[in-house]
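**Q** My structure is stored as data-v6.txt, with compact mmCIF, C-alpha atoms.
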```
# COMPACT_ATOMS: atom_id res chain seq x y z
CA MET I 1 9.96 -10.42 20.78
CA LYS I 2 8.28 -12.62 18.16
CA VAL I 3 7.84 -11.35 14.60
CA GLY I 4 5.70 -13.07 11.95
CA ILE I 5 6.36 -12.18 8.31
CA ILE I 6 3.60 -12.84 5.77
CA GLN I 7 4.56 -14.42 2.46
CA PHE I 8 2.24 -14.37 -0.56
CA PRO I 9 3.11 -15.79 -3.98
CA GLY I 10 5.24 -12.96 -5.38
CA THR I 11 6.44 -11.54 -2.06
CA ASN I 12 10.20 -10.91 -2.32
CA CYS I 13 11.24 -8.93 0.77
CA GLU I 14 10.37 -11.52 3.40
CA TYR I 15 13.95 -12.73 3.90
CA ASP I 16 15.39 -9.18 4.05
CA THR I 17 12.76 -8.44 6.68
CA GLN I 18 13.61 -11.63 8.53
CA TYR I 19 17.32 -10.72 8.45
CA ALA I 20 16.56 -7.22 9.76
CA PHE I 21 14.52 -8.41 12.75
CA ALA I 22 16.86 -11.33 13.47
CA THR I 23 19.75 -8.82 13.57
CA LEU I 24 17.79 -6.93 16.21
CA GLY I 25 17.53 -10.12 18.27
CA CYS I 26 13.93 -11.07 17.47
CA GLU I 27 12.52 -14.52 16.98
CA THR I 28 11.13 -14.58 13.43
CA GLN I 29 8.79 -16.79 11.47
CA ILE I 30 7.65 -16.70 7.84
CA LEU I 31 3.87 -17.11 7.62
CA TRP I 32 2.54 -18.59 4.36
CA HIS I 33 -0.60 -16.78 3.20
CA LYS I 34 -2.72 -19.97 3.35
CA GLU I 35 -2.34 -20.08 7.13
CA GLU I 36 -5.62 -19.33 8.88
CA SER I 37 -4.19 -18.04 12.14
CA ILE I 38 -1.39 -15.91 13.52
CA PRO I 39 0.84 -18.00 15.86
CA ASN I 40 0.22 -17.46 19.58
CA GLY I 41 2.60 -15.03 21.21
CA THR I 42 3.31 -13.07 18.02
CA ASP I 43 4.04 -9.42 18.92
CA LEU I 44 4.36 -7.98 15.43
CA VAL I 45 3.22 -9.13 11.99
CA VAL I 46 5.02 -7.66 9.00
CA VAL I 47 3.36 -7.68 5.58
CA ALA I 48 6.54 -7.70 3.53
CA GLY I 49 7.26 -6.04 0.20
CA GLY I 50 7.25 -7.53 -3.27
CA PHE I 51 4.70 -8.16 -5.97
CA SER I 52 2.01 -10.33 -4.40
CA TYR I 53 0.08 -12.08 -7.20
CA GLY I 54 2.15 -10.21 -9.77
CA ASP I 55 0.32 -6.97 -8.90
CA TYR I 56 -2.52 -8.31 -11.07
CA LEU I 57 -5.74 -6.26 -11.02
CA ARG I 58 -4.25 -3.72 -8.52
CA SER I 59 -1.23 -3.93 -6.23
CA GLY I 60 -2.30 -5.77 -3.09
CA ALA I 61 -5.86 -6.44 -4.30
CA ILE I 62 -5.74 -10.21 -4.69
CA ALA I 63 -3.58 -10.67 -1.58
CA LYS I 64 -6.38 -9.26 0.55
CA MET I 65 -8.47 -12.34 -0.30
CA SER I 66 -5.89 -14.75 1.19
CA PRO I 67 -6.92 -16.79 4.25
CA ILE I 68 -4.30 -15.22 6.54
CA MET I 69 -5.76 -11.75 6.01
CA LYS I 70 -8.88 -12.64 8.03
CA ALA I 71 -6.62 -13.71 10.89
CA LEU I 72 -4.55 -10.55 10.49
CA LYS I 73 -7.65 -8.36 10.76
CA ILE I 74 -8.62 -10.05 14.03
CA PHE I 75 -5.01 -9.78 15.29
CA ALA I 76 -5.01 -6.03 14.52
CA GLU I 77 -8.47 -5.46 16.02
CA ASN I 78 -7.21 -7.05 19.24
CA GLY I 79 -4.36 -4.54 19.38
CA GLY I 80 -1.67 -6.68 17.71
CA LYS I 81 0.99 -4.64 15.93
CA VAL I 82 1.14 -4.77 12.14
CA LEU I 83 3.69 -3.21 9.79
CA GLY I 84 3.17 -3.09 6.02
CA ILE I 85 6.19 -2.26 3.91
CA CYS I 86 5.78 -1.26 0.24
CA ASN I 87 3.50 -3.98 -1.23
CA GLY I 88 2.54 -4.66 2.39
CA PHE I 89 1.33 -1.06 2.70
CA GLN I 90 -0.72 -1.54 -0.48
CA VAL I 91 -2.20 -4.75 0.96
CA LEU I 92 -3.14 -2.99 4.22
CA THR I 93 -4.95 -0.14 2.42
CA GLU I 94 -6.74 -2.64 0.17
CA THR I 95 -7.82 -4.58 3.26
CA GLY I 96 -9.06 -1.44 4.95
CA LEU I 97 -6.68 -1.74 7.92
CA LEU I 98 -5.20 1.60 6.81
CA PRO I 99 -7.05 4.50 5.11
CA GLY I 100 -6.39 5.77 1.57
CA ALA I 101 -5.06 3.98 -1.49
CA LEU I 102 -1.85 3.74 -3.52
CA LYS I 103 -2.04 4.74 -7.17
CA ARG I 104 0.41 4.47 -10.06
CA ASN I 105 3.34 6.91 -9.58
CA GLU I 106 2.49 10.28 -11.11
CA GLY I 107 5.45 10.09 -13.53
CA LEU I 108 4.43 6.51 -14.43
CA HIS I 109 7.97 5.22 -13.82
CA PHE I 110 9.09 2.54 -11.40
CA ILE I 111 11.35 4.38 -8.93
CA SER I 112 14.20 2.56 -7.20
CA ARG I 113 16.67 4.67 -5.21
CA HIS I 114 17.50 5.98 -1.77
CA HIS I 115 15.20 8.81 -0.72
CA HIS I 116 15.18 11.17 2.22
CA LEU I 117 12.20 11.18 4.52
CA LYS I 118 11.23 13.51 7.33
CA VAL I 119 9.72 12.19 10.56
CA ILE I 120 6.38 13.93 11.15
CA ASN I 121 5.08 12.17 14.28
CA ASN I 122 6.99 10.01 16.72
CA ASP I 123 4.34 9.33 19.38
CA ASN I 124 4.07 5.73 18.21
CA ASP I 125 6.00 2.45 18.47
CA PHE I 126 7.48 2.65 15.00
CA LEU I 127 9.17 6.04 15.21
CA ARG I 128 9.61 6.52 18.96
CA HIS I 129 13.41 6.33 18.63
CA CYS I 130 13.40 9.06 15.94
CA ALA I 131 13.02 12.80 16.54
CA VAL I 132 10.26 14.89 14.94
CA ASP I 133 11.69 16.63 11.83
CA GLN I 134 14.63 14.20 11.77
CA VAL I 135 15.63 13.36 8.19
CA VAL I 136 16.40 9.71 7.41
CA LYS I 137 17.62 8.06 4.21
CA ILE I 138 15.71 4.92 3.21
CA PRO I 139 15.45 3.05 -0.12
CA ILE I 140 12.23 3.25 -2.13
CA ALA I 141 11.37 0.77 -4.91
CA HIS I 142 7.84 1.02 -6.24
CA HIS I 143 5.58 1.64 -9.21
CA ASP I 144 2.39 2.26 -7.26
CA GLY I 145 3.44 4.49 -4.38
CA ASN I 146 1.29 7.52 -5.10
CA PHE I 147 -0.65 7.82 -1.82
CA TYR I 148 -4.19 9.10 -2.26
CA ILE I 149 -6.72 10.06 0.37
CA ASP I 150 -9.67 12.46 0.13
CA LYS I 151 -9.74 15.82 1.94
CA ASP I 152 -11.68 14.62 4.97
CA GLY I 153 -9.46 11.58 5.31
CA LEU I 154 -6.35 13.74 5.14
CA GLN I 155 -7.67 16.08 7.82
CA SER I 156 -8.39 13.16 10.07
CA LEU I 157 -4.84 11.78 9.54
CA TYR I 158 -3.36 15.10 10.68
CA ALA I 159 -5.82 15.53 13.55
CA ASN I 160 -4.82 12.15 15.03
CA ASN I 161 -1.06 12.38 14.37
CA GLN I 162 -1.31 9.50 11.88
CA VAL I 163 1.07 10.98 9.30
CA LEU I 164 4.41 9.30 10.02
CA LEU I 165 6.81 10.23 7.22
CA LYS I 166 7.02 12.58 4.23
CA TYR I 167 9.35 12.46 1.21
CA THR I 168 11.90 15.28 1.41
CA ASP I 169 15.40 16.25 0.29
CA ALA I 170 18.43 15.91 2.59
CA GLN I 171 17.57 19.26 4.22
CA GLY I 172 14.02 18.19 5.03
CA ASN I 173 12.33 20.25 2.29
CA ILE I 174 9.41 18.52 0.58
CA ASP I 175 10.61 16.52 -2.44
CA ASN I 176 7.79 14.39 -3.80
CA PRO I 177 8.93 11.52 -6.07
CA ASN I 178 5.56 9.96 -6.91
CA GLY I 179 2.73 12.45 -6.56
CA SER I 180 1.58 11.35 -3.09
CA VAL I 181 -0.91 13.66 -1.37
CA ASP I 182 1.14 16.07 0.78
CA SER I 183 4.25 13.99 -0.07
CA ILE I 184 3.13 11.36 2.47
CA ALA I 185 5.34 8.24 2.58
CA GLY I 186 3.90 6.47 5.63
CA ILE I 187 0.88 6.50 7.94
CA CYS I 188 -0.64 4.59 10.84
CA ASN I 189 -4.19 3.83 11.92
CA LYS I 190 -6.05 5.78 14.61
CA THR I 191 -5.17 3.36 17.39
CA LYS I 192 -1.51 3.43 16.32
CA ASN I 193 -0.97 -0.30 16.09
CA VAL I 194 -1.11 -0.66 12.28
CA PHE I 195 1.66 1.03 10.28
CA GLY I 196 2.31 1.30 6.56
CA LEU I 197 4.99 2.93 4.44
CA MET I 198 6.30 2.68 0.89
CA PRO I 199 10.04 3.01 1.75
CA HIS I 200 11.98 -0.07 2.91
CA PRO I 201 13.50 0.34 6.40
CA GLU I 202 14.56 -3.35 6.30
CA ARG I 203 16.91 -2.44 3.43
CA ALA I 204 18.60 0.26 5.52
CA MET I 205 20.23 -1.87 8.23
CA GLU I 206 23.92 -1.56 7.28
CA SER I 207 25.81 1.70 6.66
CA LEU I 208 28.02 -0.32 4.28
CA LEU I 209 24.97 -0.62 2.02
CA GLY I 210 24.18 3.09 2.04
CA SER I 211 22.23 3.65 5.23
CA ASN I 212 21.41 2.11 8.59
CA ASP I 213 18.61 4.56 9.36
CA GLY I 214 16.06 1.75 9.22
CA ARG I 215 17.47 0.20 12.39
CA ALA I 216 16.17 2.85 14.78
CA MET I 217 12.74 2.62 13.16
CA LEU I 218 12.38 -1.15 13.46
CA GLU I 219 13.92 -1.12 16.95
CA GLY I 220 10.95 0.95 18.07
CA PHE I 221 8.80 -2.17 17.99
CA ILE I 222 11.06 -3.93 20.48
CA HIS I 223 10.11 -3.31 24.09
CA ALA I 224 12.50 -4.74 26.64
CA MET Q 1 -24.63 -14.81 -19.18
CA LYS Q 2 -21.85 -12.34 -19.64
CA ALA Q 3 -21.00 -9.35 -17.44
CA ILE Q 4 -18.86 -6.52 -18.78
CA VAL Q 5 -17.31 -4.51 -15.97
CA ASN Q 6 -15.59 -1.19 -16.66
CA VAL Q 7 -13.42 0.25 -13.90
CA PHE Q 8 -12.16 3.84 -14.01
CA LEU Q 9 -10.54 6.24 -11.58
CA LYS Q 10 -13.14 8.49 -9.95
CA ASN Q 11 -13.62 12.02 -11.20
CA GLY Q 12 -11.25 14.21 -9.22
CA VAL Q 13 -8.62 11.45 -8.83
CA LEU Q 14 -5.79 12.30 -11.24
CA ASP Q 15 -5.47 9.73 -14.04
CA SER Q 16 -1.75 9.97 -14.85
CA GLN Q 17 -1.94 7.28 -17.55
CA GLY Q 18 -4.86 9.05 -19.24
CA LYS Q 19 -2.91 12.33 -19.19
CA ALA Q 20 0.17 10.66 -20.71
CA VAL Q 21 -1.91 9.11 -23.50
CA GLN Q 22 -3.65 12.45 -24.10
CA HIS Q 23 -0.30 14.26 -24.46
CA ALA Q 24 1.00 11.59 -26.83
CA LEU Q 25 -2.12 11.89 -29.01
CA THR Q 26 -2.09 15.68 -29.20
CA HIS Q 27 1.65 15.68 -29.98
CA HIS Q 28 0.94 13.28 -32.84
CA GLY Q 29 -1.43 15.73 -34.47
CA PHE Q 30 -4.74 14.61 -32.96
CA GLU Q 31 -5.38 18.15 -31.81
CA THR Q 32 -9.08 17.74 -31.19
CA VAL Q 33 -8.49 15.31 -28.31
CA GLN Q 34 -9.82 16.98 -25.16
CA ASP Q 35 -9.54 14.33 -22.49
CA VAL Q 36 -8.42 10.70 -22.17
CA ARG Q 37 -9.16 8.28 -19.36
CA VAL Q 38 -7.51 4.89 -19.07
CA GLY Q 39 -9.43 2.18 -17.26
CA LYS Q 40 -9.81 -1.55 -17.39
CA GLN Q 41 -12.45 -3.91 -18.61
CA ILE Q 42 -13.18 -7.21 -16.90
CA ILE Q 43 -15.38 -9.72 -18.73
CA ILE Q 44 -17.04 -12.36 -16.59
CA GLU Q 45 -18.94 -15.44 -17.73
CA ILE Q 46 -21.49 -16.20 -15.06
CA ASP Q 47 -23.94 -19.06 -14.72
CA GLU Q 48 -27.09 -17.09 -13.85
CA SER Q 49 -30.43 -16.92 -15.65
CA ASP Q 50 -31.75 -13.74 -14.09
CA ALA Q 51 -30.03 -10.54 -15.28
CA VAL Q 52 -30.94 -8.60 -12.13
CA ALA Q 53 -29.51 -11.29 -9.87
CA ALA Q 54 -26.39 -11.50 -12.04
CA LYS Q 55 -25.86 -7.75 -11.86
CA GLU Q 56 -26.27 -7.80 -8.10
CA LYS Q 57 -23.66 -10.53 -7.77
CA VAL Q 58 -21.19 -8.75 -10.03
CA ALA Q 59 -21.72 -5.51 -8.08
CA HIS Q 60 -20.78 -7.45 -4.95
CA MET Q 61 -17.64 -8.70 -6.73
CA CYS Q 62 -16.76 -5.11 -7.63
CA GLU Q 63 -17.13 -3.97 -4.02
CA GLU Q 64 -15.11 -6.94 -2.71
CA LEU Q 65 -12.31 -7.12 -5.26
CA LEU Q 66 -12.70 -5.80 -8.80
CA ALA Q 67 -12.65 -2.09 -7.91
CA ASN Q 68 -11.04 -0.13 -5.12
CA THR Q 69 -13.92 2.21 -4.30
CA VAL Q 70 -11.58 4.62 -2.49
CA ILE Q 71 -10.27 5.71 -5.90
CA GLU Q 72 -12.32 3.90 -8.55
CA ASP Q 73 -15.88 3.78 -9.95
CA TYR Q 74 -17.33 0.82 -11.83
CA GLU Q 75 -20.07 0.21 -14.40
CA ILE Q 76 -21.67 -3.16 -15.11
CA GLU Q 77 -23.35 -4.25 -18.32
CA ILE Q 78 -25.07 -7.64 -18.47
CA GLN Q 79 -25.34 -9.42 -21.81
CA ALA Q 80 -27.62 -12.40 -22.30
```
Using structure tokens, write down the structure that the file contains.
**A**
Amino acid sequence: MKVGIIQFPGTNCEYDTQYAFATLGCETQILWHKEESIPNGTDLVVVAGGFSYGDYLRSGAIAKMSPIMKALKIFAENGGKVLGICNGFQVLTETGLLPGALKRNEGLHFISRHHHLKVINNDNDFLRHCAVDQVVKIPIAHHDGNFYIDKDGLQSLYANNQVLLKYTDAQGNIDNPNGSVDSIAGICNKTKNVFGLMPHPERAMESLLGSNDGRAMLEGFIHA
Amino acid sequence: MKAIVNVFLKNGVLDSQGKAVQHALTHHGFETVQDVRVGKQIIIEIDESDAVAAKEKVAHMCEELLANTVIEDYEIEIQA
């Protein structure tokens, strides 16, 4: 399993992501944003978290103009798997690879803490090792995590089982930290090969550090 | 030629920053404040002689980068 991890100026979760996938036995490679192609044989490309271009203009907006994004679009259109975490999720919505947009948190604060999430759909690579309604604990760390989508878009997400995760409390009751529509924390595209979420599964790999719930999620991408 | 671009959240998309500013103003005694919207202004110097062509180009910039049309609207003013 070969994982490429995109690095923009301002990305800061690329090495955590590399550690997480290396721990799972994957071959990993950091891909600088000026690259114009995705290396042959790459199974999964992760758009890692951070503050690409200092979040100038809008989070993820300037990153979408980088040369590697054209290659990523083609990779995704050909069925390649893509995972956007936090700033990576923002980049994927800005690029149009995922629907909706991420606005400033409703309470205007940067939020950095562990949060519980409930699994909504697991008929996809990302969450196939998790059970529907399972509650996981994953760190969140964002200022612009307020997921917005219009009514028609939301209906279409539900109709196609594209809603992956919702913010909840430990019991699985809705607990919305940032004002996201329907408390949505993560989604995928219609063809279920592009995934995006605000929480950081790559930071939940060791129970010593508070949670290893991210392991089962990332392991879903690995097919023997 | 100069282009002034104003970008605001669309009507119906909650403007949390605008609401926070509105509350701060009313709590400071500006009781007649009814609504506040916070947006951004982008000023572009552009080497074009035709205002219509300039506006068209800037509109393209807005669609490509300056605004996220999922949540934002934009207005363009061209100054000679």
**Q** Kindly list the centre and edge lengths in Å, rounded to one decimal, for the axis-aligned box that covers all listed atoms of region 57-76 of chain Q plus 4 Å on each of its six sides, as AutoDock Vina command-line options.
**A**
```
--center_x -17.0 --center_y -2.4 --center_z -8.8 --size_x 21.4 --size_y 24.2 --size_z 20.6
```
**Q** Each residue of chain Q lying at most 10 Å from chain I should get a row with its shortest atom-to-atom pair and the distance in Å to one decimal, counting only C-alpha atoms; could you produce that, ordered by chain and increasing number, as CSV?
**A**
```
residue,atom,partner,partner_atom,distance
Q:Leu9,CA,I:Lys103,CA,9.7
Q:Gly12,CA,I:Asp150,CA,9.6
Q:Val13,CA,I:Tyr148,CA,8.3
Q:Leu14,CA,I:Glu106,CA,8.5
Q:Asp15,CA,I:Glu106,CA,8.5
Q:Ser16,CA,I:Glu106,CA,5.7
Q:Gln17,CA,I:Leu108,CA,7.1
Q:Lys19,CA,I:Glu106,CA,9.9
Q:Ala20,CA,I:Leu108,CA,8.6
Q:Lys40,CA,I:Leu57,CA,8.9
Q:Ile42,CA,I:Leu57,CA,9.5
Q:Glu64,CA,I:Met65,CA,8.9
Q:Leu65,CA,I:Ala61,CA,6.6
Q:Leu66,CA,I:Leu57,CA,7.3
Q:Ala67,CA,I:Arg58,CA,8.6
Q:Asn68,CA,I:Glu94,CA,7.3
Q:Thr69,CA,I:Ala101,CA,9.5
Q:Val70,CA,I:Ala101,CA,6.6
Q:Ile71,CA,I:Ala101,CA,7.0
```
**Q** Counting only C-alpha atoms, figure out which residue out of I:Leu127, I:Ala170, I:Gly84, I:Lys151 gets nearest to Pro199 (chain I).
**A** I:Gly84
**Q** Rounded to one decimal in Å, what is the spacing between CA of Lys190 (chain I) and CA of Leu98 (chain I)?
**A**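 A separation of 8.9 Å between them.
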**Q** One number please: CA of Gln79 (chain Q) to CA of Asn11 (chain Q), in Å, one decimal.
**A**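 Separating CA of Gln79 (chain Q) from CA of Asn11 (chain Q) is a distance of 26.6 Å.
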**Q** Which value, in Å to one decimal, gives the distance between CA of Thr23 (chain I) and CA of Met205 (chain I)?
**A**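 Taking CA of Thr23 (chain I) and CA of Met205 (chain I), their separation equals 8.8 Å.
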**Q** If you count only C-alpha atoms, which residues fall within 6 Å of region 69-73 of chain I, apart from same-chain ones fewer than 3 positions away, as a list in words?
**A**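 Everything that qualifies: Ser37, Ser66 and Ala76 of chain I.
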**Q** Give me the residues near Ala80 (chain Q) as a list of chain:residue names, where near means some atom within 12 Å (using all atoms listed in the file) and where sequence neighbours in that chain fewer than 6 positions away do not count.
**A**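 The contact residues come out as Q:Met1, Q:Lys2, Q:Ala3, Q:Ile4, Q:Glu45, Q:Ile46, Q:Asp47, Q:Glu48, Q:Ser49, Q:Asp50, Q:Ala51, Q:Val52, Q:Ala54, Q:Lys55.
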**Q** Please identify all polymer residues within 7 Å of Gly88 (chain I), counting all atoms listed in the file, omitting same-chain residues fewer than 6 positions from it, and present them as an MDAnalysis selection string.
**A** chainID I and resid 47:49
**Q** Extract, using all atoms listed in the file, all DNA, RNA and protein residues at most 9 Å from Leu157 (chain I), discarding same-chain residues fewer than 2 positions from it, and format them as a count of residues only.
**A** 14
**Q** Any chance you could build region 188-212 of chain I out to N, CA and C atoms and write it as a compact mmCIF listing (two decimals), in the frame of the given file?
**A**
```txt
# COMPACT_ATOMS: atom_id res chain seq x y z
N CYS I 188 -0.17 5.67 9.96
CA CYS I 188 -0.64 4.59 10.84
C CYS I 188 -2.14 4.73 11.03
N ASN I 189 -2.76 3.75 11.67
CA ASN I 189 -4.19 3.83 11.92
C ASN I 189 -4.43 4.68 13.18
N LYS I 190 -5.71 4.90 13.49
CA LYS I 190 -6.05 5.78 14.61
C LYS I 190 -5.51 5.26 15.93
N THR I 191 -5.59 3.93 16.11
CA THR I 191 -5.17 3.36 17.39
C THR I 191 -3.66 3.11 17.44
N LYS I 192 -2.97 3.47 16.38
CA LYS I 192 -1.51 3.43 16.32
C LYS I 192 -0.91 2.04 16.60
N ASN I 193 -1.58 1.04 16.05
CA ASN I 193 -0.97 -0.30 16.09
C ASN I 193 -0.79 -0.90 14.69
N VAL I 194 -1.31 -0.20 13.66
CA VAL I 194 -1.11 -0.66 12.28
C VAL I 194 -0.36 0.45 11.52
N PHE I 195 0.77 0.06 10.93
CA PHE I 195 1.66 1.03 10.28
C PHE I 195 1.89 0.63 8.84
N GLY I 196 2.01 1.62 7.96
CA GLY I 196 2.31 1.30 6.56
C GLY I 196 3.19 2.38 5.96
N LEU I 197 4.14 1.96 5.14
CA LEU I 197 4.99 2.93 4.44
C LEU I 197 5.50 2.32 3.14
N MET I 198 5.75 3.16 2.15
CA MET I 198 6.30 2.68 0.89
C MET I 198 7.81 2.42 0.98
N PRO I 199 8.59 3.27 1.65
CA PRO I 199 10.04 3.01 1.75
C PRO I 199 10.35 1.72 2.53
N HIS I 200 11.58 1.22 2.36
CA HIS I 200 11.98 -0.07 2.91
C HIS I 200 12.98 0.08 4.05
N PRO I 201 12.54 0.24 5.29
CA PRO I 201 13.50 0.34 6.40
C PRO I 201 14.35 -0.92 6.56
N GLU I 202 13.80 -2.09 6.16
CA GLU I 202 14.56 -3.35 6.30
C GLU I 202 15.75 -3.40 5.34
N ARG I 203 15.77 -2.50 4.35
CA ARG I 203 16.91 -2.44 3.43
C ARG I 203 17.90 -1.37 3.86
N ALA I 204 17.69 -0.79 5.03
CA ALA I 204 18.60 0.26 5.52
C ALA I 204 19.08 -0.15 6.91
N MET I 205 19.76 -1.31 6.96
CA MET I 205 20.23 -1.87 8.23
C MET I 205 21.74 -1.82 8.37
N GLU I 206 22.46 -1.51 7.28
CA GLU I 206 23.92 -1.56 7.28
C GLU I 206 24.45 -0.29 6.60
N SER I 207 25.29 0.47 7.29
CA SER I 207 25.81 1.70 6.66
C SER I 207 26.66 1.35 5.44
N LEU I 208 27.24 0.14 5.43
CA LEU I 208 28.02 -0.32 4.28
C LEU I 208 27.17 -0.32 3.00
N LEU I 209 25.87 -0.56 3.18
CA LEU I 209 24.97 -0.62 2.02
C LEU I 209 24.22 0.70 1.81
N GLY I 210 24.76 1.78 2.35
CA GLY I 210 24.18 3.09 2.04
C GLY I 210 23.47 3.79 3.17
N SER I 211 22.93 3.02 4.12
CA SER I 211 22.23 3.65 5.23
C SER I 211 21.87 2.60 6.28
N ASN I 212 21.94 2.99 7.55
CA ASN I 212 21.41 2.11 8.59
C ASN I 212 20.30 2.82 9.38
```
